[in-house]
Amino acid sequence: MRTDALVSTHNIRQEFGSPQEPLEILHGIDLEIYPGEVVALLGTSGSGKSTLLNILGLLAQPADGSYYLDQHKVSQLSAAERAHIRLDKIGFVFQSFHLINHKNVLENVELPLLYQGVAKAERRQRALAIIDQLGLTHRQKAKVETLSGGEQQRVAIGRALVTNPQLLLCDEPTGALDQKRSAEVMDLLRQLTGRDRATLIVTHDPAIAARCDRSLLIEDGKLLEQGGKADQQVNSQEAPLEREPYQRSRSKHPWIKVAVLEALGATFARLRRNLFTMLGVALGVAALTLTIGLSATISGQISDAFDIYQAKKITLKYNGSSQITGVEAQTILESPSYRNLEGLNGVKQVAAYRILSEGAQLQTSLAAEGGRSVPLIASQDSIFEVQEQELVYGRLFDQGHNSRQEAVAVIGQGTFRALGLEWKPGLTLYLDGQPLTIVGVVSENPAAGGYYGAIYLPLQALNDKSASSFEIALAVEPGAALQVGKEAPYALSPQAPGDYSATVPPAPEGLKETISEQQEKLLLAMALITLVIGTVGTMNTFLVGVMERRQEIGLRLALGVRPSGITLQLALETVITSLLGALAGLLISINAIALVSLINSWNPIISPVMVGLGVGVGLLMGLLAGIYPAWKASGIDPIESLTRL
């Protein structure tokens, strides 16, 4: 018996079924194939030829017997060790080609070198050399779907040969080709086998077998040799010589780096297919980040709104029985006690005013029917600063108008708009039938309480008109209102502090916090529900995608990729897709927040935390949705996936 056999098997047996009822497919196969040989393996369907081919290609382990490849025993190695040998020593050519559609010719051919960790320049050089040898140089950048059947089979052969394997296994390589292309492929396989490589071709075509050096026939799980020794069983009871067990090299293939590169390539090649997956992630992330962003924005508006009603203004009301005239009010303003009031800690501005009427009749002309009932207030010119009202048109009255007791007025913008007026200097309105010159229009402030849309006159104007009350408004620093409210009556009237009562509005902090918390919880719950739905939908989409790519995954496993490499690649595809969806979701939510804020005249609040959370949630969705489909993919049987058409 020769000892230089590249492939040597002894008493190989294989069985399927349950341990209780095993069905033996191969019955003690003894086989030797030598370097330089092209051997045909014929057999009917179910004879066991594909089972034997899978054992020789280390895609399956025999139930019993020994298998030596290049003098090393490989029949009982681990899955990782078998994958390593497939990548380095075995090349596969399949009937259905099994090319990866999103890669061009060059990329398909150099794929095994990528998994071997060959540097890019060398990888490209070796792949181009094989492509040139196959006569496909002019098609190196062509997409798979543009190739003819013969060209696709040549690419598959190039992919099998680019690693310079010692054993080339071809499963019906001409089954999908016409007679002319079949002859071309056989000539090519014969030419490429060389002195240091053996080729085994599984076929059912006697014409193909006739072009090989030897033909083996397998029937009912037994191997017979034809061609000079027809119908002689070659099973031998003699055991092969003892050889060294396979020793795996110390170098490790860079499967992590390759998984990352392949994941990036596959993701961007399948963007249109993954569009709805990305959309699901985008909607989930958009819902969450929109919730956070709108919550922060709305909370800011709630804070601004509550700040309007915050205890920043207190009122001192005169409790005396007699009414204070404009002259008396002016005397109070010029007294030292009033200056004491202005000097209290926390007081920013003070304004005295007399409420002349809660509902004076204001008309645009004497002939106008009806009119509008408005509050009429005689005040210091500082009233507008205290009430935080801004000038819209014209000017404010001043101390000169007050000294001269002129009948000029400033009108609130609410009343100005309600009357349908257009601003012009010298505007005259009629107040209880008396002409009144309007010198300015001021904005409204809800803090003014019941004086919305009021008419303001100088403090000493209309002295002949009795006032319903005399009050002093004090603008105070936040947090100082309560203390100022206690001290102000004593500062203004030390001898009779009971003449004045202070009104301090309550601080609304508790109510503000409650409203903010409730709206945040509601929106967050809705966002979490959307996230769960998006994650489940994404997982289902990727699971379906894995099933659609069974043949591609089976091919990668057959080439020698570790199952862990498949898991990592597909998980990374999910993560990358989810990350792209997350970025799209962030763009959606940021634009939505900006649009809502623009419509409502709000200040949008988009924090780095919101952006970081959106990216993080997208990555988490990818991991949760991708781990299970990726794990399922790593368990795909390459034999079953590559034989399914």
# chains A, B, ... in the order shown; residues from 1 in each chain; ligands from 1
>>> select_by_dssp(residues="region 115-331 of chain A", states="strand (DSSP E or B)", output="PyMOL selection string")
chain A and resi 143+167-171+198-202+214-219+222-226+232-233+245+313-318
>>> residues_around(residues="Ala209 (chain A)", least_positions_apart="5", cutoff="9 Å", atoms="only C-alpha atoms", output="ChimeraX atom specification")
/A:39-42,201-204,214-216
>>> residues_around(residues="Ser8 (chain A)", least_positions_apart="2", cutoff="6 Å", atoms="only C-alpha atoms", output="ChimeraX atom specification")
/A:31-32,67-68
>>> closest_residue(among="A:Gln20, A:Ser45, A:Asn54, A:Asn340", to="Tyr490 (chain A)", atoms="only C-alpha atoms")
A:Asn340
>>> residues_around(residues="Arg154 (chain A)", least_positions_apart="2", cutoff="12 Å", atoms="only C-alpha atoms", output="MDAnalysis selection string")
chainID A and resid 93:99 105:106 108:109 130:137 139:140 144 147:152 156:162 173:174 177 181:182 184:189 192
>>> atom_distance(atom1="CA of Gly36 (chain A)", atom2="CA of Leu167 (chain A)")
10.0 Å
>>> residues_around(residues="Lys486 (chain A)", least_positions_apart="5", cutoff="10 Å", atoms="only C-alpha atoms", output="ChimeraX atom specification")
/A:481,491,501-504
>>> closest_residue(among="A:Leu77, A:Leu26, A:Leu474, A:Leu586", to="Leu279 (chain A)", atoms="only C-alpha atoms")
A:Leu586
>>> select_by_dssp(residues="region 347-411 of chain A", states="helix (DSSP H, G or I)", output="JSON, numbers by chain")
{"A": [383, 384, 385, 386, 399, 400, 401, 402, 403]}
>>> residues_around(residues="Ala461 (chain A)", least_positions_apart="3", cutoff="7 Å", atoms="only C-alpha atoms", output="JSON, numbers by chain")
{"A": [378, 402, 405, 406, 407, 457, 458]}
>>> closest_residue(among="A:Leu429, A:Val544, A:Ala183, A:Ala475", to="Arg273 (chain A)", atoms="only C-alpha atoms")
A:Val544
